[in-house]
Structure formats: structure tokens, C-alpha cells
file input16.cif (mmCIF, C-alpha atoms; chains and numbers go by the auth columns)
data_query
loop_
_atom_site.group_PDB
_atom_site.id
_atom_site.type_symbol
_atom_site.label_atom_id
_atom_site.label_comp_id
_atom_site.label_asym_id
_atom_site.label_seq_id
_atom_site.Cartn_x
_atom_site.Cartn_y
_atom_site.Cartn_z
_atom_site.B_iso_or_equiv
_atom_site.auth_seq_id
_atom_site.auth_asym_id
ATOM 1 C CA MET A 1 106.064 87.154 89.663 0.00 1 A
ATOM 2 C CA ARG A 2 104.867 90.363 88.041 0.00 2 A
ATOM 3 C CA HIS A 3 101.491 92.102 88.442 0.00 3 A
ATOM 4 C CA ALA A 4 100.102 95.337 87.079 0.00 4 A
ATOM 5 C CA ARG A 5 98.495 97.676 89.600 0.00 5 A
ATOM 6 C CA GLY A 6 94.963 96.859 88.478 0.00 6 A
ATOM 7 C CA ASP A 7 95.525 93.093 88.493 0.00 7 A
ATOM 8 C CA ILE A 8 95.130 92.620 92.221 0.00 8 A
ATOM 9 C CA GLU A 9 92.240 94.326 93.960 0.00 9 A
ATOM 10 C CA GLY A 10 93.293 96.139 97.122 0.00 10 A
ATOM 11 C CA LEU A 11 97.040 95.860 96.526 0.00 11 A
ATOM 12 C CA ALA A 12 97.689 99.615 96.434 0.00 12 A
ATOM 13 C CA ALA A 13 95.779 100.196 99.691 0.00 13 A
ATOM 14 C CA LEU A 14 97.594 97.368 101.487 0.00 14 A
ATOM 15 C CA VAL A 15 101.016 98.490 100.277 0.00 15 A
ATOM 16 C CA ASN A 16 100.187 102.024 101.454 0.00 16 A
ATOM 17 C CA THR A 17 99.074 100.820 104.898 0.00 17 A
ATOM 18 C CA VAL A 18 102.083 98.562 105.367 0.00 18 A
ATOM 19 C CA ALA A 19 104.614 101.070 104.016 0.00 19 A
ATOM 20 C CA ARG A 20 103.369 103.870 106.291 0.00 20 A
ATOM 21 C CA SER A 21 104.303 101.764 109.319 0.00 21 A
ATOM 22 C CA ALA A 22 107.980 101.967 108.327 0.00 22 A
ATOM 23 C CA THR A 23 109.105 105.038 110.270 0.00 23 A
ATOM 24 C CA THR A 24 112.503 104.164 111.788 0.00 24 A
ATOM 25 C CA ALA A 25 115.375 105.179 109.502 0.00 25 A
ATOM 26 C CA ASP A 26 118.192 102.717 108.806 0.00 26 A
ATOM 27 C CA ALA A 27 117.025 100.214 111.429 0.00 27 A
ATOM 28 C CA PRO A 28 118.034 96.557 111.097 0.00 28 A
ATOM 29 C CA LEU A 29 115.478 93.879 110.332 0.00 29 A
ATOM 30 C CA ALA A 30 115.037 91.183 112.981 0.00 30 A
ATOM 31 C CA ALA A 31 114.420 88.433 110.395 0.00 31 A
ATOM 32 C CA PRO A 32 115.645 87.638 106.885 0.00 32 A
ATOM 33 C CA VAL A 33 113.817 89.220 103.959 0.00 33 A
ATOM 34 C CA GLU A 34 111.227 86.746 102.703 0.00 34 A
ATOM 35 C CA ALA A 35 109.540 88.865 100.031 0.00 35 A
ATOM 36 C CA ARG A 36 110.485 91.929 98.013 0.00 36 A
ATOM 37 C CA LEU A 37 107.981 94.074 96.146 0.00 37 A
ATOM 38 C CA SER A 38 109.475 96.462 93.598 0.00 38 A
ATOM 39 C CA LEU A 39 107.138 99.276 92.554 0.00 39 A
ATOM 40 C CA TYR A 40 107.471 100.875 89.127 0.00 40 A
ATOM 41 C CA GLN A 41 105.877 103.868 87.490 0.00 41 A
ATOM 42 C CA GLY A 42 106.178 103.179 83.805 0.00 42 A
ATOM 43 C CA GLY A 43 109.654 101.711 83.512 0.00 43 A
ATOM 44 C CA THR A 44 111.100 103.622 86.473 0.00 44 A
ATOM 45 C CA LEU A 45 111.641 101.982 89.866 0.00 45 A
ATOM 46 C CA ILE A 46 110.064 104.261 92.496 0.00 46 A
ATOM 47 C CA ALA A 47 110.213 102.178 95.699 0.00 47 A
ATOM 48 C CA VAL A 48 111.000 98.776 97.184 0.00 48 A
ATOM 49 C CA LEU A 49 109.018 97.167 100.006 0.00 49 A
ATOM 50 C CA GLU A 50 110.631 94.204 101.761 0.00 50 A
ATOM 51 C CA ILE A 51 108.844 91.883 104.167 0.00 51 A
ATOM 52 C CA ALA A 52 110.879 90.222 106.921 0.00 52 A
ATOM 53 C CA GLY A 53 108.919 88.366 109.583 0.00 53 A
ATOM 54 C CA ASP A 54 106.559 90.874 111.178 0.00 54 A
ATOM 55 C CA GLN A 55 108.561 93.869 109.922 0.00 55 A
ATOM 56 C CA VAL A 56 108.815 95.741 106.641 0.00 56 A
ATOM 57 C CA ARG A 57 111.490 97.930 105.104 0.00 57 A
ATOM 58 C CA TRP A 58 110.435 100.711 102.714 0.00 58 A
ATOM 59 C CA THR A 59 113.069 102.219 100.420 0.00 59 A
ATOM 60 C CA PRO A 60 112.053 105.040 98.077 0.00 60 A
ATOM 61 C CA GLN A 61 114.097 105.189 94.868 0.00 61 A
ATOM 62 C CA PRO A 62 116.422 106.425 93.616 0.00 62 A
ATOM 63 C CA GLY A 63 118.695 106.336 96.626 0.00 63 A
ATOM 64 C CA GLY A 64 116.127 107.079 99.316 0.00 64 A
ATOM 65 C CA THR A 65 116.618 106.375 102.990 0.00 65 A
ATOM 66 C CA ALA A 66 115.304 102.973 104.044 0.00 66 A
ATOM 67 C CA THR A 67 112.841 102.957 106.919 0.00 67 A
ATOM 68 C CA VAL A 68 111.712 99.954 108.972 0.00 68 A
ATOM 69 C CA GLY A 69 108.541 99.326 110.935 0.00 69 A
ATOM 70 C CA THR A 70 106.019 96.805 112.175 0.00 70 A
ATOM 71 C CA PRO A 71 102.703 97.099 110.342 0.00 71 A
ATOM 72 C CA PRO A 72 99.348 95.938 111.678 0.00 72 A
ATOM 73 C CA ALA A 73 99.363 92.123 111.629 0.00 73 A
ATOM 74 C CA GLN A 74 96.110 91.903 109.638 0.00 74 A
ATOM 75 C CA ALA A 75 97.377 94.238 106.915 0.00 75 A
ATOM 76 C CA LEU A 76 100.654 92.348 106.594 0.00 76 A
ATOM 77 C CA ALA A 77 98.845 88.989 106.432 0.00 77 A
ATOM 78 C CA ALA A 78 96.477 90.307 103.760 0.00 78 A
ATOM 79 C CA LEU A 79 99.404 91.643 101.706 0.00 79 A
ATOM 80 C CA ARG A 80 101.211 88.310 101.942 0.00 80 A
ATOM 81 C CA ALA A 81 98.047 86.523 100.809 0.00 81 A
ATOM 82 C CA LEU A 82 97.679 88.797 97.778 0.00 82 A
ATOM 83 C CA LEU A 83 101.320 88.376 96.815 0.00 83 A
ATOM 84 C CA THR A 84 101.113 84.584 96.873 0.00 84 A
ATOM 85 C CA ARG A 85 98.117 84.354 94.532 0.00 85 A
#
call {"tool": "encode", "arguments": {"input": "input16.cif", "output": "C-alpha cells"}}
result
Amino acid sequence: MRHARGDIEGLAALVNTVARSATTADAPLAAPVEARLSLYQGGTLIAVLEIAGDQVRWTPQPGGTATVGTPPAQALAALRALLTR
């Protein structure tokens, strides 16, 4: 599904909160990726956020180093809820 930034209230703040928890470089995920959020500025891909269980992987583009972390449970649950609307 595709959403513009202004389409979902609070999305930018939740993505920011969740992404900042990803601080361990090149760490493996403990669960399979269940959701992938690709972020674009205009037509250019700038980052990818993947959700896997209670972890996230943040990969800045182009060719950035992926980092993994465990965000606050409430923030991750709220992000999942927004993405499934």
C-alpha cells in the first residue's frame, strides 16, 4: 500500500521514534521481516524501515549501513496499527 506523508497523522513521529532505536550496525534480526516501509523524498528512495517481531532494521539509502534495534513496544504497536489502516 502507498501513503503520502500527510495521509496518516503521526506517521512521521512514529517512524522517527522507532528508527532511532536501531543502533546496532549489521546485527541479525531474530524474526522474519513482516513489514517493510520504504521512504521516498520526491522520487528518490531515502531509507527503508523493516519490522521483524519486536525489532526493526533501519537502512538509509543509497547504500547506507543497516542498523537494528528494539523500539519501545507502544511505539512499535502504534506504527503497526497505522500501517494496517
call {"tool": "resolve_selection", "arguments": {"input": "input16.cif", "expression": "the PyMOL selection byres ((chain A and resi 27) around 12)", "output": "list in words"}}
result
Ala22, Thr23, Thr24, Ala25, Asp26, Pro28, Leu29, Ala30, Gln55, Val56, Arg57, Trp58, Thr59, Thr65, Ala66, Thr67, Val68, Gly69 and Thr70 of chain A
call {"tool": "resolve_selection", "arguments": {"input": "input16.cif", "expression": "the PyMOL selection byres ((chain A and resi 48) around 7)", "output": "list in words"}}
result
Arg36, Leu37, Ser38, Leu39, Ala47, Leu49, Glu50, Trp58, Thr59 and Pro60 of chain A
call {"tool": "resolve_selection", "arguments": {"input": "input16.cif", "expression": "the PyMOL selection byres ((chain A and resi 52) around 6)", "output": "ChimeraX atom specification"}}
result
/A:31-34,51,53,55-56
call {"tool": "write_last_selection", "arguments": {"input": "input16.cif", "atoms": "C-alpha atoms", "output": "CSV table (one decimal), in the frame of the given file"}}
result
chain,number,residue,atom,x,y,z
A,31,ALA,CA,114.4,88.4,110.4
A,32,PRO,CA,115.6,87.6,106.9
A,33,VAL,CA,113.8,89.2,104.0
A,34,GLU,CA,111.2,86.7,102.7
A,51,ILE,CA,108.8,91.9,104.2
A,53,GLY,CA,108.9,88.4,109.6
A,55,GLN,CA,108.6,93.9,109.9
A,56,VAL,CA,108.8,95.7,106.6
call {"tool": "atom_distance", "arguments": {"input": "input16.cif", "atom1": "atom CA of Leu14 of chain A", "atom2": "atom CA of Ala78 of chain A"}}
result
7.5 Å
call {"tool": "closest_residue", "arguments": {"input": "input16.cif", "among": "A:Thr44, A:Asn16, A:Arg85, A:Asp54", "to": "Pro72 of chain A", "atoms": "only C-alpha atoms"}}
result
A:Asp54
call {"tool": "residues_around", "arguments": {"input": "input16.cif", "residues": "Ala13 of chain A", "least_positions_apart": "5", "cutoff": "10 Å", "atoms": "all atoms listed in the file", "output": "list in words"}}
result
Val18, Ala19, Ala75 and Leu79 of chain A
call {"tool": "write_last_selection", "arguments": {"input": "input16.cif", "atoms": "C-alpha atoms", "output": "PDB file, keeping the file's coordinate frame"}}
result
ATOM      1  CA  VAL A  18     102.083  98.562 105.367  1.00  0.00           C
ATOM      2  CA  ALA A  19     104.614 101.070 104.016  1.00  0.00           C
ATOM      3  CA  ALA A  75      97.377  94.238 106.915  1.00  0.00           C
ATOM      4  CA  LEU A  79      99.404  91.643 101.706  1.00  0.00           C
TER       5      LEU A  79
END
call {"tool": "closest_residue", "arguments": {"input": "input16.cif", "among": "A:Leu83, A:Ala35, A:Gly43, A:Leu76", "to": "Arg20 of chain A", "atoms": "all atoms listed in the file"}}
result
A:Leu76
call {"tool": "atom_distance", "arguments": {"input": "input16.cif", "atom1": "atom CA of Leu45 of chain A", "atom2": "atom CA of Gln61 of chain A"}}
result
6.4 Å
call {"tool": "axis_aligned_box", "arguments": {"input": "input16.cif", "around": "segment 22-39 of chain A", "padding_each_side": "5 Å", "output": "AutoDock Vina command-line options"}}
result
--center_x 112.7 --center_y 96.0 --center_z 102.8 --size_x 21.1 --size_y 28.4 --size_z 30.4
call {"tool": "atom_distance", "arguments": {"input": "input16.cif", "atom1": "atom CA of Ala12 of chain A", "atom2": "atom CA of Thr84 of chain A"}}
result
15.4 Å
call {"tool": "closest_residue", "arguments": {"input": "input16.cif", "among": "A:Arg80, A:Tyr40, A:Ser21, A:Ile46", "to": "Pro62 of chain A", "atoms": "all atoms listed in the file"}}
result
A:Ile46
call {"tool": "build_atoms", "arguments": {"input": "input16.cif", "residues": "segment 5-30 of chain A", "atoms": "N, CA, C and O atoms", "output": "JSON list (two decimals), in the frame of the given file"}}
result
[["chain", "number", "residue", "atom", "x", "y", "z"],
["A", 5, "ARG", "N", 99.22, 97.11, 88.46],
["A", 5, "ARG", "CA", 98.50, 97.68, 89.60],
["A", 5, "ARG", "C", 97.03, 97.25, 89.64],
["A", 5, "ARG", "O", 96.50, 96.93, 90.69],
["A", 6, "GLY", "N", 96.37, 97.21, 88.50],
["A", 6, "GLY", "CA", 94.96, 96.86, 88.48],
["A", 6, "GLY", "C", 94.68, 95.37, 88.55],
["A", 6, "GLY", "O", 93.53, 94.96, 88.66],
["A", 7, "ASP", "N", 95.72, 94.54, 88.50],
["A", 7, "ASP", "CA", 95.52, 93.09, 88.49],
["A", 7, "ASP", "C", 95.06, 92.52, 89.83],
["A", 7, "ASP", "O", 94.43, 91.49, 89.87],
["A", 8, "ILE", "N", 95.44, 93.16, 90.90],
["A", 8, "ILE", "CA", 95.13, 92.62, 92.22],
["A", 8, "ILE", "C", 94.36, 93.67, 93.01],
["A", 8, "ILE", "O", 94.90, 94.71, 93.38],
["A", 9, "GLU", "N", 93.09, 93.38, 93.24],
["A", 9, "GLU", "CA", 92.24, 94.33, 93.96],
["A", 9, "GLU", "C", 92.76, 94.54, 95.38],
["A", 9, "GLU", "O", 93.08, 93.61, 96.09],
["A", 10, "GLY", "N", 92.88, 95.79, 95.77],
["A", 10, "GLY", "CA", 93.29, 96.14, 97.12],
["A", 10, "GLY", "C", 94.79, 96.22, 97.34],
["A", 10, "GLY", "O", 95.23, 96.58, 98.43],
["A", 11, "LEU", "N", 95.59, 95.87, 96.34],
["A", 11, "LEU", "CA", 97.04, 95.86, 96.53],
["A", 11, "LEU", "C", 97.58, 97.24, 96.88],
["A", 11, "LEU", "O", 98.35, 97.37, 97.84],
["A", 12, "ALA", "N", 97.16, 98.27, 96.16],
["A", 12, "ALA", "CA", 97.69, 99.62, 96.43],
["A", 12, "ALA", "C", 97.37, 100.05, 97.86],
["A", 12, "ALA", "O", 98.23, 100.61, 98.55],
["A", 13, "ALA", "N", 96.17, 99.80, 98.33],
["A", 13, "ALA", "CA", 95.78, 100.20, 99.69],
["A", 13, "ALA", "C", 96.59, 99.44, 100.74],
["A", 13, "ALA", "O", 97.03, 100.03, 101.74],
["A", 14, "LEU", "N", 96.80, 98.15, 100.53],
["A", 14, "LEU", "CA", 97.59, 97.37, 101.49],
["A", 14, "LEU", "C", 99.05, 97.80, 101.50],
["A", 14, "LEU", "O", 99.65, 97.93, 102.58],
["A", 15, "VAL", "N", 99.62, 98.03, 100.33],
["A", 15, "VAL", "CA", 101.02, 98.49, 100.28],
["A", 15, "VAL", "C", 101.13, 99.82, 101.00],
["A", 15, "VAL", "O", 102.06, 100.04, 101.78],
["A", 16, "ASN", "N", 100.18, 100.72, 100.79],
["A", 16, "ASN", "CA", 100.19, 102.02, 101.45],
["A", 16, "ASN", "C", 100.12, 101.87, 102.97],
["A", 16, "ASN", "O", 100.90, 102.48, 103.71],
["A", 17, "THR", "N", 99.22, 101.04, 103.45],
["A", 17, "THR", "CA", 99.07, 100.82, 104.90],
["A", 17, "THR", "C", 100.35, 100.25, 105.51],
["A", 17, "THR", "O", 100.84, 100.72, 106.54],
["A", 18, "VAL", "N", 100.88, 99.23, 104.86],
["A", 18, "VAL", "CA", 102.08, 98.56, 105.37],
["A", 18, "VAL", "C", 103.30, 99.49, 105.30],
["A", 18, "VAL", "O", 104.07, 99.60, 106.25],
["A", 19, "ALA", "N", 103.46, 100.19, 104.19],
["A", 19, "ALA", "CA", 104.61, 101.07, 104.02],
["A", 19, "ALA", "C", 104.61, 102.22, 105.02],
["A", 19, "ALA", "O", 105.67, 102.63, 105.50],
["A", 20, "ARG", "N", 103.44, 102.75, 105.34],
["A", 20, "ARG", "CA", 103.37, 103.87, 106.29],
["A", 20, "ARG", "C", 103.81, 103.48, 107.69],
["A", 20, "ARG", "O", 104.17, 104.34, 108.50],
["A", 21, "SER", "N", 103.85, 102.20, 107.99],
["A", 21, "SER", "CA", 104.30, 101.76, 109.32],
["A", 21, "SER", "C", 105.83, 101.85, 109.44],
["A", 21, "SER", "O", 106.36, 101.82, 110.55],
["A", 22, "ALA", "N", 106.51, 101.93, 108.33],
["A", 22, "ALA", "CA", 107.98, 101.97, 108.33],
["A", 22, "ALA", "C", 108.43, 103.40, 108.60],
["A", 22, "ALA", "O", 108.47, 104.23, 107.71],
["A", 23, "THR", "N", 108.78, 103.67, 109.86],
["A", 23, "THR", "CA", 109.10, 105.04, 110.27],
["A", 23, "THR", "C", 110.49, 105.19, 110.90],
["A", 23, "THR", "O", 110.92, 106.30, 111.15],
["A", 24, "THR", "N", 111.19, 104.10, 111.15],
["A", 24, "THR", "CA", 112.50, 104.16, 111.79],
["A", 24, "THR", "C", 113.60, 104.06, 110.73],
["A", 24, "THR", "O", 113.75, 103.02, 110.08],
["A", 25, "ALA", "N", 114.36, 105.13, 110.55],
["A", 25, "ALA", "CA", 115.38, 105.18, 109.50],
["A", 25, "ALA", "C", 116.55, 104.26, 109.80],
["A", 25, "ALA", "O", 117.02, 104.18, 110.94],
["A", 26, "ASP", "N", 116.99, 103.56, 108.77],
["A", 26, "ASP", "CA", 118.19, 102.72, 108.81],
["A", 26, "ASP", "C", 118.23, 101.72, 109.96],
["A", 26, "ASP", "O", 119.30, 101.40, 110.47],
["A", 27, "ALA", "N", 117.08, 101.22, 110.36],
["A", 27, "ALA", "CA", 117.02, 100.21, 111.43],
["A", 27, "ALA", "C", 117.25, 98.82, 110.84],
["A", 27, "ALA", "O", 116.89, 98.57, 109.69],
["A", 28, "PRO", "N", 117.84, 97.92, 111.60],
["A", 28, "PRO", "CA", 118.03, 96.56, 111.10],
["A", 28, "PRO", "C", 116.73, 95.77, 111.15],
["A", 28, "PRO", "O", 115.84, 96.06, 111.97],
["A", 29, "LEU", "N", 116.61, 94.79, 110.30],
["A", 29, "LEU", "CA", 115.48, 93.88, 110.33],
["A", 29, "LEU", "C", 115.81, 92.73, 111.27],
["A", 29, "LEU", "O", 116.95, 92.26, 111.31],
["A", 30, "ALA", "N", 114.82, 92.26, 112.02],
["A", 30, "ALA", "CA", 115.04, 91.18, 112.98],
["A", 30, "ALA", "C", 115.02, 89.80, 112.33],
["A", 30, "ALA", "O", 115.45, 88.83, 112.94]]
